[in-house]
>>> print(open('protein17.txt').read())   # compact mmCIF, C-alpha atoms
# COMPACT_ATOMS: atom_id res chain seq x y z
CA MET A 550 -106.06 -23.12 -97.56
CA ILE A 551 -109.81 -22.81 -97.54
CA ARG A 552 -112.02 -20.25 -95.84
CA LEU A 553 -115.19 -22.21 -95.29
CA GLY A 554 -117.63 -19.58 -94.22
CA SER A 555 -121.33 -19.99 -94.91
CA PRO A 556 -122.49 -18.91 -98.36
CA ARG A 557 -124.93 -16.05 -98.54
CA ARG A 558 -128.38 -17.34 -97.66
CA GLY A 559 -130.60 -14.39 -98.45
CA ALA A 560 -132.99 -14.20 -95.52
CA GLY A 561 -131.56 -17.38 -94.01
CA THR A 562 -129.67 -17.58 -90.75
CA ALA A 563 -126.02 -16.60 -90.94
CA ALA A 564 -123.19 -17.05 -88.47
CA ARG A 565 -122.65 -13.90 -86.40
CA PRO A 566 -119.15 -12.56 -85.80
CA GLY A 567 -117.88 -12.60 -82.25
CA PRO A 568 -116.61 -9.59 -80.34
CA ALA A 569 -113.76 -7.59 -81.80
CA GLY A 570 -110.47 -9.43 -81.49
CA SER A 571 -112.11 -12.82 -81.02
CA ARG A 572 -111.09 -14.21 -84.40
CA PRO A 573 -110.90 -18.02 -84.19
CA ALA A 574 -107.37 -19.30 -83.73
CA LEU A 575 -106.08 -22.08 -85.99
CA GLY A 576 -104.25 -23.52 -83.00
CA ALA A 577 -107.54 -24.07 -81.22
CA LEU A 578 -108.92 -25.73 -84.34
CA ALA A 579 -105.92 -28.03 -84.48
CA GLY A 580 -106.70 -29.14 -80.94
CA VAL A 581 -110.32 -29.86 -81.79
CA VAL A 582 -109.46 -31.73 -84.96
CA GLY A 583 -106.66 -33.55 -83.16
CA ALA A 584 -109.25 -35.05 -80.86
CA LEU A 585 -110.97 -36.45 -83.93
CA VAL A 586 -108.03 -37.56 -86.05
CA GLY A 587 -105.11 -37.96 -83.69
CA ALA A 588 -104.91 -41.33 -81.99
CA LEU A 589 -107.87 -43.12 -83.52
CA PRO A 590 -108.54 -46.21 -81.39
CA VAL A 591 -109.42 -49.46 -83.06
CA ALA A 592 -110.56 -52.68 -81.48
CA ALA A 593 -107.72 -55.18 -81.73
CA PRO A 594 -108.70 -57.68 -84.43
CA ALA A 595 -108.26 -61.38 -84.69
CA SER A 596 -106.13 -62.21 -87.70
CA TYR A 597 -108.06 -61.39 -90.84
CA GLY A 598 -105.92 -63.62 -93.01
CA ALA A 599 -105.77 -61.52 -96.17
CA PRO A 600 -103.27 -62.85 -98.72
CA ALA A 601 -99.70 -61.62 -98.37
CA GLY A 602 -99.21 -58.31 -100.14
CA CYS A 603 -102.92 -57.46 -100.12
CA ALA A 604 -104.84 -54.86 -98.13
CA ASN A 605 -105.63 -56.00 -94.58
CA PRO A 606 -107.74 -54.28 -91.88
CA VAL A 607 -106.02 -52.84 -88.82
CA GLY A 608 -109.12 -53.44 -86.70
CA VAL A 609 -112.51 -51.83 -86.10
CA HIS A 610 -112.80 -48.05 -85.80
CA THR A 611 -114.28 -47.23 -82.40
CA ALA A 612 -113.33 -43.58 -81.92
CA GLY A 613 -115.71 -40.66 -82.39
CA THR A 614 -117.08 -39.71 -85.77
CA PRO A 615 -114.21 -39.14 -88.24
CA TRP A 616 -113.60 -35.41 -88.75
CA ALA A 617 -114.65 -35.43 -92.40
CA MET A 618 -118.04 -36.90 -91.61
CA GLU A 619 -118.48 -34.57 -88.64
CA LEU A 620 -117.89 -31.67 -91.01
CA LEU A 621 -120.23 -32.93 -93.74
CA GLY A 622 -123.01 -33.94 -91.33
CA PRO A 623 -124.67 -36.89 -93.08
CA ARG A 624 -127.16 -37.48 -90.26
CA ARG A 625 -128.88 -34.23 -91.25
CA VAL A 626 -129.60 -35.49 -94.74
CA TRP A 627 -130.39 -39.16 -94.07
CA PRO A 628 -134.04 -38.49 -93.10
CA LEU A 629 -134.40 -37.10 -96.62
CA SER A 630 -132.12 -39.37 -98.62
CA THR A 631 -129.62 -42.17 -98.15
CA GLY A 632 -129.08 -42.59 -101.89
CA SER A 633 -131.49 -45.52 -102.17
CA GLY A 634 -132.30 -46.56 -105.71
CA VAL A 635 -129.11 -45.05 -107.13
CA ARG A 636 -126.37 -47.17 -108.68
CA ILE A 637 -122.95 -45.57 -108.31
CA ALA A 638 -120.08 -46.98 -110.35
CA VAL A 639 -116.79 -46.96 -108.41
CA LEU A 640 -114.06 -47.12 -111.03
CA GLY A 641 -110.70 -48.16 -109.61
CA THR A 642 -109.26 -51.40 -108.20
CA GLY A 643 -112.43 -53.38 -107.48
CA VAL A 644 -114.48 -53.43 -104.26
CA ASP A 645 -114.24 -56.23 -101.69
CA ASP A 646 -117.89 -56.97 -100.90
CA ARG A 647 -116.98 -59.12 -97.87
CA ASN A 648 -117.01 -56.32 -95.32
CA ALA A 649 -119.84 -56.37 -92.81
CA GLN A 650 -120.62 -52.70 -93.42
CA PHE A 651 -121.81 -53.49 -96.93
CA ARG A 652 -125.30 -54.91 -96.82
CA PRO A 653 -125.85 -58.21 -98.67
CA GLY A 654 -126.12 -57.53 -102.38
CA GLN A 655 -125.16 -53.85 -102.05
CA VAL A 656 -121.96 -54.40 -104.05
CA GLU A 657 -122.85 -55.74 -107.48
CA ASP A 658 -120.65 -58.07 -109.52
CA GLY A 659 -119.21 -55.36 -111.74
CA ARG A 660 -116.46 -55.80 -114.30
CA ASP A 661 -112.72 -56.47 -114.34
CA VAL A 662 -111.34 -54.58 -117.32
CA LEU A 663 -107.79 -55.76 -116.58
CA ALA A 664 -108.75 -59.43 -116.83
CA ASN A 665 -111.51 -58.83 -119.40
CA ARG A 666 -114.08 -60.73 -117.36
CA ASP A 667 -117.14 -60.12 -115.23
CA GLY A 668 -116.72 -59.70 -111.49
CA ALA A 669 -114.71 -57.16 -109.48
CA THR A 670 -115.81 -57.95 -105.92
CA ASP A 671 -112.27 -58.70 -104.75
CA ASP A 672 -109.72 -55.96 -104.13
CA CYS A 673 -106.17 -56.93 -103.21
CA ASP A 674 -105.06 -53.34 -103.85
CA GLY A 675 -107.64 -51.91 -101.40
CA ARG A 676 -108.17 -48.43 -102.81
CA GLY A 677 -111.49 -49.21 -104.45
CA THR A 678 -112.90 -50.65 -101.21
CA PHE A 679 -111.70 -47.62 -99.26
CA ALA A 680 -113.38 -45.29 -101.77
CA ALA A 681 -116.62 -47.27 -101.82
CA GLY A 682 -116.72 -47.33 -98.01
CA LEU A 683 -116.64 -43.53 -97.80
CA ILE A 684 -119.82 -43.54 -99.87
CA ALA A 685 -121.74 -46.70 -99.09
CA ALA A 686 -120.78 -48.16 -95.68
CA ARG A 687 -123.94 -48.62 -93.64
CA PRO A 688 -124.12 -47.63 -89.96
CA HIS A 689 -123.19 -50.45 -87.60
CA ASP A 690 -123.51 -50.59 -83.84
CA LYS A 691 -119.93 -51.73 -83.33
CA THR A 692 -118.22 -48.87 -85.14
CA THR A 693 -118.44 -45.10 -85.29
CA PHE A 694 -117.66 -45.02 -89.02
CA ALA A 695 -120.32 -44.90 -91.73
CA GLY A 696 -120.47 -43.80 -95.34
CA LEU A 697 -122.17 -40.69 -96.67
CA ALA A 698 -124.85 -42.44 -98.77
CA PRO A 699 -125.42 -45.90 -97.27
CA GLY A 700 -128.52 -46.59 -99.38
CA VAL A 701 -126.71 -46.70 -102.73
CA SER A 702 -125.84 -49.75 -104.80
CA VAL A 703 -122.15 -50.01 -105.76
CA LEU A 704 -121.01 -51.15 -109.18
CA PRO A 705 -117.26 -51.94 -108.98
CA VAL A 706 -115.12 -51.69 -112.10
CA ARG A 707 -111.41 -52.52 -111.98
CA TYR A 708 -109.10 -50.95 -114.53
CA THR A 709 -105.89 -50.60 -112.50
CA GLN A 710 -104.14 -51.94 -109.41
CA THR A 711 -100.66 -52.03 -107.91
CA THR A 712 -100.68 -55.76 -107.16
CA ARG A 713 -100.87 -59.01 -109.09
CA GLN A 714 -102.24 -57.88 -112.47
CA GLY A 715 -101.04 -54.29 -112.73
CA ASP A 716 -98.28 -51.83 -111.93
CA GLY A 717 -100.57 -49.00 -110.75
CA ASN A 718 -100.34 -46.92 -113.91
CA VAL A 719 -103.67 -45.66 -115.21
CA ASP A 720 -104.07 -46.45 -118.86
CA PRO A 721 -106.60 -44.04 -120.44
CA GLY A 722 -107.86 -46.76 -122.77
CA ARG A 723 -108.70 -49.08 -119.89
CA LEU A 724 -110.30 -46.21 -118.00
CA ALA A 725 -112.39 -45.47 -121.09
CA ALA A 726 -113.52 -49.11 -121.16
CA ALA A 727 -114.46 -48.87 -117.48
CA ILE A 728 -116.55 -45.78 -118.14
CA ASP A 729 -118.28 -47.46 -121.08
CA PHE A 730 -119.18 -50.45 -118.90
CA ALA A 731 -120.69 -48.14 -116.28
CA VAL A 732 -122.77 -46.45 -118.97
CA THR A 733 -124.00 -49.81 -120.28
CA ALA A 734 -124.85 -50.90 -116.72
CA ARG A 735 -127.00 -47.76 -116.29
CA ALA A 736 -125.08 -46.21 -113.42
CA ARG A 737 -126.45 -42.80 -112.44
CA VAL A 738 -123.18 -41.61 -110.90
CA ILE A 739 -119.64 -42.53 -111.96
CA TYR A 740 -116.80 -41.98 -109.49
CA VAL A 741 -113.32 -42.22 -111.01
CA VAL A 742 -111.07 -43.11 -108.07
CA LEU A 743 -107.80 -42.91 -110.03
CA PRO A 744 -107.76 -40.51 -112.99
CA ALA A 745 -105.23 -40.72 -115.81
CA THR A 746 -102.39 -38.25 -116.23
CA ARG A 747 -102.77 -38.23 -120.01
CA ASN A 748 -105.79 -37.91 -122.25
CA SER A 749 -106.77 -39.99 -125.24
CA ALA A 750 -109.47 -39.97 -127.89
CA GLN A 751 -110.94 -43.12 -126.30
CA LEU A 752 -111.17 -41.53 -122.87
CA ARG A 753 -112.54 -38.28 -124.23
CA ASP A 754 -115.22 -40.09 -126.24
CA ALA A 755 -116.20 -42.44 -123.39
CA THR A 756 -116.59 -39.49 -121.02
CA ALA A 757 -118.71 -37.65 -123.57
CA ARG A 758 -120.93 -40.73 -123.93
CA ALA A 759 -121.41 -40.85 -120.16
CA ILE A 760 -122.35 -37.17 -120.02
CA ALA A 761 -124.75 -37.63 -122.96
CA ALA A 762 -126.34 -40.57 -121.07
CA ASP A 763 -127.25 -38.19 -118.22
CA ILE A 764 -124.71 -39.64 -115.78
CA VAL A 765 -122.96 -37.49 -113.18
CA VAL A 766 -119.24 -38.11 -113.65
CA VAL A 767 -117.06 -37.20 -110.65
CA SER A 768 -113.26 -37.22 -110.79
CA PRO A 769 -110.57 -35.97 -108.37
CA ALA A 770 -107.92 -33.36 -108.97
CA ALA A 771 -104.32 -34.55 -109.04
CA SER A 772 -102.23 -34.26 -105.88
CA GLY A 773 -98.65 -34.71 -104.69
CA ALA A 774 -95.33 -33.09 -105.46
CA ARG A 775 -94.83 -35.15 -108.60
CA THR A 776 -98.13 -33.94 -110.05
CA GLN A 777 -97.58 -30.23 -109.39
CA GLY A 778 -99.02 -28.42 -112.39
CA ALA A 779 -100.36 -31.65 -113.87
CA THR A 780 -103.75 -32.05 -115.53
CA SER A 781 -105.70 -35.25 -114.96
CA TYR A 782 -108.40 -36.93 -117.02
CA PRO A 783 -111.36 -37.17 -117.12
CA THR A 784 -111.12 -34.53 -114.36
CA ALA A 785 -110.42 -31.72 -116.82
CA LEU A 786 -112.90 -32.80 -119.51
CA PRO A 787 -116.14 -30.88 -120.18
CA GLY A 788 -119.14 -31.85 -118.09
CA VAL A 789 -117.13 -33.68 -115.41
CA LEU A 790 -117.54 -32.59 -111.77
CA ALA A 791 -113.90 -32.09 -110.79
CA VAL A 792 -113.07 -32.20 -107.07
CA GLY A 793 -110.29 -30.50 -105.11
CA ALA A 794 -109.32 -31.42 -101.56
CA PHE A 795 -108.33 -29.88 -98.22
CA GLY A 796 -107.15 -31.24 -94.88
CA PRO A 797 -108.34 -30.77 -91.30
CA ASP A 798 -105.83 -27.93 -90.87
CA GLY A 799 -107.47 -25.99 -93.70
CA ALA A 800 -104.58 -26.47 -96.12
CA VAL A 801 -105.31 -27.20 -99.76
CA ALA A 802 -104.41 -30.85 -100.30
CA SER A 803 -104.76 -31.22 -104.08
CA THR A 804 -102.29 -29.68 -106.53
CA GLU A 805 -104.26 -29.58 -109.78
CA SER A 806 -105.57 -26.14 -110.61
CA GLY A 807 -107.99 -24.80 -113.17
CA ASP A 808 -111.31 -23.16 -113.88
CA TYR A 809 -112.85 -26.63 -114.29
CA ILE A 810 -112.50 -27.54 -110.59
CA GLY A 811 -116.07 -27.64 -109.30
CA VAL A 812 -116.03 -28.12 -105.51
CA ALA A 813 -113.78 -29.45 -102.73
CA ALA A 814 -114.09 -31.99 -99.91
CA PRO A 815 -111.95 -33.53 -97.14
CA GLY A 816 -108.92 -35.36 -98.50
CA ARG A 817 -106.55 -35.99 -95.60
CA GLN A 818 -106.57 -38.10 -92.42
CA LEU A 819 -109.47 -40.22 -93.62
CA VAL A 820 -110.76 -43.53 -92.28
CA SER A 821 -112.81 -46.04 -94.27
CA LEU A 822 -113.45 -49.71 -94.92
CA SER A 823 -110.58 -52.06 -95.63
CA ALA A 824 -110.52 -54.91 -98.07
CA GLY A 825 -109.67 -58.30 -96.61
CA ALA A 826 -112.21 -58.26 -93.75
CA ASP A 827 -113.46 -61.73 -94.71
CA GLY A 828 -117.11 -61.07 -93.83
CA ARG A 829 -116.41 -59.13 -90.63
CA LEU A 830 -116.02 -55.47 -89.79
CA GLY A 831 -112.64 -54.10 -90.78
CA HIS A 832 -111.23 -50.62 -91.23
CA SER A 833 -108.13 -49.07 -92.69
CA PRO A 834 -105.46 -47.07 -90.94
CA THR A 835 -105.72 -43.31 -91.36
CA VAL A 836 -105.05 -42.40 -95.00
CA ASP A 837 -103.82 -39.19 -96.64
CA ASP A 838 -104.97 -39.21 -100.26
CA PRO A 839 -106.79 -36.20 -101.74
CA ALA A 840 -108.25 -38.39 -104.50
CA TYR A 841 -110.76 -39.70 -101.95
CA ALA A 842 -112.31 -36.24 -101.60
CA ALA A 843 -114.25 -37.04 -104.76
CA ALA A 844 -115.99 -39.90 -102.92
CA TYR A 845 -117.87 -37.39 -100.76
CA VAL A 846 -118.96 -35.45 -103.83
CA ALA A 847 -120.03 -38.61 -105.66
CA GLY A 848 -121.97 -39.61 -102.55
CA THR A 849 -123.63 -36.20 -102.49
CA ALA A 850 -124.62 -36.63 -106.13
CA ALA A 851 -126.20 -39.99 -105.26
CA LEU A 852 -128.13 -38.48 -102.34
CA LEU A 853 -129.42 -35.77 -104.66
CA ARG A 854 -130.35 -38.10 -107.51
CA SER A 855 -132.32 -40.25 -105.07
CA TYR A 856 -134.20 -37.33 -103.50
CA ARG A 857 -134.75 -35.32 -106.71
CA PRO A 858 -134.84 -37.94 -109.47
CA GLU A 859 -136.33 -35.45 -111.92
CA LEU A 860 -133.08 -33.47 -112.11
CA SER A 861 -130.71 -33.98 -115.01
CA ALA A 862 -127.04 -34.72 -114.39
CA ALA A 863 -126.15 -31.13 -115.35
CA GLU A 864 -128.71 -29.82 -112.84
CA VAL A 865 -127.27 -32.06 -110.12
CA VAL A 866 -123.80 -30.67 -110.77
CA ARG A 867 -125.12 -27.12 -110.72
CA ARG A 868 -126.87 -27.64 -107.38
CA ILE A 869 -123.77 -29.15 -105.79
CA GLU A 870 -121.66 -26.21 -106.94
CA SER A 871 -124.25 -23.58 -106.05
CA THR A 872 -124.76 -24.86 -102.49
CA ALA A 873 -121.07 -25.26 -101.63
CA HIS A 874 -119.54 -23.22 -98.79
CA ARG A 875 -117.54 -20.46 -100.43
CA THR A 876 -113.79 -19.89 -100.02
CA ALA A 877 -111.85 -16.74 -99.18
CA VAL A 878 -111.76 -15.88 -102.88
CA ASP A 879 -114.71 -13.99 -104.34
CA GLY A 880 -116.11 -16.39 -106.89
CA HIS A 881 -114.19 -19.42 -108.10
CA HIS A 882 -111.03 -20.74 -106.42
CA PRO A 883 -108.58 -22.40 -108.85
CA GLN A 884 -107.95 -25.43 -106.60
CA LEU A 885 -111.13 -25.59 -104.52
CA GLY A 886 -113.72 -24.56 -107.09
CA TRP A 887 -116.88 -23.05 -105.61
CA GLY A 888 -116.03 -24.26 -102.10
CA MET A 889 -116.74 -27.17 -99.76
CA VAL A 890 -119.49 -29.57 -100.76
CA ASP A 891 -122.51 -29.48 -98.44
CA PRO A 892 -124.63 -32.63 -98.80
CA TYR A 893 -127.61 -31.34 -96.83
CA ARG A 894 -127.84 -28.03 -98.67
CA ALA A 895 -127.39 -29.75 -102.03
CA VAL A 896 -130.37 -32.01 -101.29
CA ALA A 897 -132.69 -29.69 -99.35
CA ALA A 898 -131.95 -26.18 -100.62
CA GLU A 899 -134.29 -24.12 -102.79
CA GLY A 900 -133.42 -21.15 -104.95
CA VAL A 901 -130.33 -22.68 -106.58
CA GLU A 902 -131.47 -22.83 -110.17
CA ASP A 903 -128.85 -20.30 -111.27
CA PRO A 904 -125.21 -21.23 -111.93
CA PRO A 905 -122.96 -20.73 -108.87
CA GLY A 906 -121.37 -17.56 -110.19
CA ALA A 907 -124.66 -15.83 -110.96
CA VAL A 908 -125.39 -12.64 -109.07
CA GLY A 909 -128.05 -13.16 -106.45
CA ALA A 910 -127.85 -16.95 -106.44
CA SER A 911 -128.66 -18.23 -102.98
CA ALA A 912 -129.50 -21.41 -101.14
CA GLN A 913 -132.46 -21.55 -98.83
CA PRO A 914 -132.60 -24.85 -96.93
CA VAL A 915 -136.13 -26.16 -96.54
CA ALA A 916 -137.09 -26.24 -92.86
CA ALA A 917 -139.41 -29.21 -93.27
CA ALA A 918 -138.31 -30.98 -96.41
CA ARG A 919 -140.27 -34.04 -97.41
CA ALA A 920 -139.05 -37.37 -96.07
CA ASN A 921 -137.95 -40.03 -98.54
CA PRO A 922 -139.72 -43.29 -97.58
CA GLY A 923 -136.88 -45.32 -99.09
CA SER A 924 -134.23 -43.68 -96.93
CA ARG A 925 -134.60 -45.53 -93.63
CA VAL A 926 -131.31 -46.40 -91.95
CA ASP A 927 -130.45 -48.26 -88.81
CA PRO A 928 -130.18 -46.03 -85.71
CA LEU A 929 -126.63 -44.83 -85.19
CA VAL A 930 -124.77 -45.61 -82.04
CA LEU A 931 -121.94 -43.20 -82.60
CA PRO A 932 -121.39 -40.45 -80.04
CA LEU A 933 -121.82 -37.33 -82.14
CA ALA A 934 -120.07 -34.12 -81.21
CA SER A 935 -122.21 -31.02 -80.81
CA ALA A 936 -123.31 -28.97 -83.79
CA GLY A 937 -121.00 -26.26 -82.49
CA LEU A 938 -118.01 -28.45 -83.30
CA GLY A 939 -118.88 -28.40 -86.99
CA ALA A 940 -119.16 -24.63 -86.82
CA ALA A 941 -115.81 -24.40 -85.06
CA LEU A 942 -114.22 -26.49 -87.79
CA LEU A 943 -115.64 -24.26 -90.49
CA LEU A 944 -114.66 -21.04 -88.77
CA GLY A 945 -111.18 -22.26 -87.88
CA ILE A 946 -110.48 -23.53 -91.37
CA GLY A 947 -111.84 -20.24 -92.67
CA THR A 948 -109.33 -18.29 -90.61
CA ALA A 949 -106.48 -20.42 -91.90
CA VAL A 950 -107.39 -19.81 -95.50
CA ALA A 951 -108.10 -16.13 -95.06
CA ARG A 952 -104.57 -15.61 -93.74
CA ARG A 953 -103.03 -17.47 -96.68
CA GLY A 954 -105.35 -15.66 -99.07
CA ARG A 955 -104.38 -12.21 -97.77
CA ALA A 956 -100.72 -13.14 -98.17
CA ARG A 957 -101.43 -13.89 -101.83
CA GLY A 958 -103.49 -10.78 -102.37
CA TRP A 959 -106.90 -12.44 -102.31
CA ARG A 960 -109.85 -10.50 -100.95
CA PRO A 961 -112.01 -12.18 -98.30
CA GLY A 962 -115.45 -13.22 -99.47
CA GLY A 963 -118.61 -11.94 -97.87
>>> encode(input="protein17.txt", output="structure tokens")
Amino acid sequence: MIRLGSPRRGAGTAARPGPAGSRPALGALAGVVGALVGALPVAAPASYGAPAGCANPVGVHTAGTPWAMELLGPRRVWPLSTGSGVRIAVLGTGVDDRNAQFRPGQVEDGRDVLANRDGATDDCDGRGTFAAGLIAARPHDKTTFAGLAPGVSVLPVRYTQTTRQGDGNVDPGRLAAAIDFAVTARARVIYVVLPATRNSAQLRDATARAIAADIVVVSPAASGARTQGATSYPTALPGVLAVGAFGPDGAVASTESGDYIGVAAPGRQLVSLSAGADGRLGHSPTVDDPAYAAAYVAGTAALLRSYRPELSAAEVVRRIESTAHRTAVDGHHPQLGWGMVDPYRAVAAEGVEDPPGAVGASAQPVAAARANPGSRVDPLVLPLASAGLGAALLLGIGTAVARRGRARGWRPGG
């Protein structure tokens, strides 16, 4: 589990401990999170009419802000950056552009590596649309769901799917071809939705070409009982920002472990866009898949590249790692990296030029950071919970991880 306390902020404001014996209870946290992720109401849809066997919306999400977005707080960063001007390649099963939360033209044509043709704006499988929605869905007055970086452009690339053309296995050669297409298309961020479980010279070389082209490559850690102890690719390759995951109860959700894991993000009980909406609003049922944690980190990279375009890809990765909320482990956690990604701090913080493990590295959020004129978004209509809820989530999750950490002999971080 993860102890998500605030990183040291030098002279910045820090959370103050309560009276002795008032340690936050995980049970109380579960109640708070349950209100966010328990029974998530959706407006009953008319029939969407997606083809049999393809992804189909369950309705329109009308509950409060999903817990993951409440925790990450995108509204804080949107006055500075929405990711405008950044093309993010979503490598997976394609992206269905016919969902009303994608603005017209936001999803580009892309490439279908499986069929060896241009165009990947359909998505029978649904996972690519779900992933893209976590990043790029724009605010809409009829739903309380929105993506982290709604100003980005999405470049869909299909190299696998479980329906029609494919059996769901990730071929490293096809993934390499997908990465090469994203490089040629001048993406500034590449998000690998479904990494491969085996490496190849093609995949290694394609990833190296992307890194050399100054592209931020983000890939999730493996998860699930069948992948216990597994290594995924390009997640484990040099220069890639590898992402672990945790759930609303504070438990580690991903199983892959290593010193290459960079940061972590929410990866359970997630809501996003569904394929098959046929031009209307349409959302998925609640999904448990730690691979989607990487969407929040890819979205953060896009926010950062839009706001600070002068930074290299390596500098973007370093800022994301340096501004993450630390875990119960002093230093690097083998499954959660340097801690929970913090989009606002990654964009607005100063004093993070050093690598995350450097002594004295700190993050000082700018009180009055400059506004990005290209980052205007429609006013949100979602009823946001108080800022104290986000703090309660962090503190409660922190307690959960600290207990597990002490049982394993870890020392709490400062």
>>> atom_distance(input="protein17.txt", atom1="CA of Ala745 in chain A", atom2="CA of Ala686 in chain A")
26.5 Å
>>> closest_residue(input="protein17.txt", among="A:Ser855, A:Asn605, A:Thr872, A:Gln818", to="Pro699 in chain A", atoms="all atoms listed in the file")
A:Ser855
>>> atom_distance(input="protein17.txt", atom1="CA of Arg857 in chain A", atom2="CA of Val812 in chain A")
20.1 Å
>>> closest_residue(input="protein17.txt", among="A:Ala779, A:Phe730, A:Tyr809, A:Ala844", to="Met618 in chain A", atoms="only C-alpha atoms")
A:Ala844
>>> closest_residue(input="protein17.txt", among="A:Leu724, A:Val732, A:Ala895, A:Val607", to="Arg636 in chain A", atoms="only C-alpha atoms")
A:Val732
>>> atom_distance(input="protein17.txt", atom1="CA of Asp645 in chain A", atom2="CA of Ser702 in chain A")
13.6 Å
>>> closest_residue(input="protein17.txt", among="A:Leu819, A:Ala761, A:Thr849, A:Tyr708", to="Ser861 in chain A", atoms="all atoms listed in the file")
A:Ala761
>>> residues_around(input="protein17.txt", residues="Val767 in chain A", least_positions_apart="6", cutoff="7 Å", atoms="only C-alpha atoms", output="short mmCIF file (atom, residue, chain, number, x, y, z; two decimals) with C-alpha atoms, in the coordinates of the input")
data_model
loop_
_atom_site.label_atom_id
_atom_site.label_comp_id
_atom_site.auth_asym_id
_atom_site.auth_seq_id
_atom_site.Cartn_x
_atom_site.Cartn_y
_atom_site.Cartn_z
CA ILE A 739 -119.64 -42.53 -111.96
CA TYR A 740 -116.80 -41.98 -109.49
CA VAL A 741 -113.32 -42.22 -111.01
CA VAL A 789 -117.13 -33.68 -115.41
CA LEU A 790 -117.54 -32.59 -111.77
CA ALA A 791 -113.90 -32.09 -110.79
CA ALA A 843 -114.25 -37.04 -104.76
CA ALA A 847 -120.03 -38.61 -105.66
#
>>> closest_residue(input="protein17.txt", among="A:Ala617, A:Leu683, A:Val719, A:Ala813", to="Ala873 in chain A", atoms="all atoms listed in the file")
A:Ala813
>>> closest_residue(input="protein17.txt", among="A:Ala669, A:Val644, A:Ala794, A:Leu860", to="Asp837 in chain A", atoms="only C-alpha atoms")
A:Ala794
>>> residues_around(input="protein17.txt", residues="Asp754 in chain A", least_positions_apart="2", cutoff="12 Å", atoms="only C-alpha atoms", output="PyMOL selection string")
chain A and resi 721-722+724-726+728-729+748-752+756-761+782-783+786-787
>>> residues_around(input="protein17.txt", residues="Thr693 in chain A", least_positions_apart="5", cutoff="7 Å", atoms="only C-alpha atoms", output="ChimeraX atom specification")
/A:610-614,931
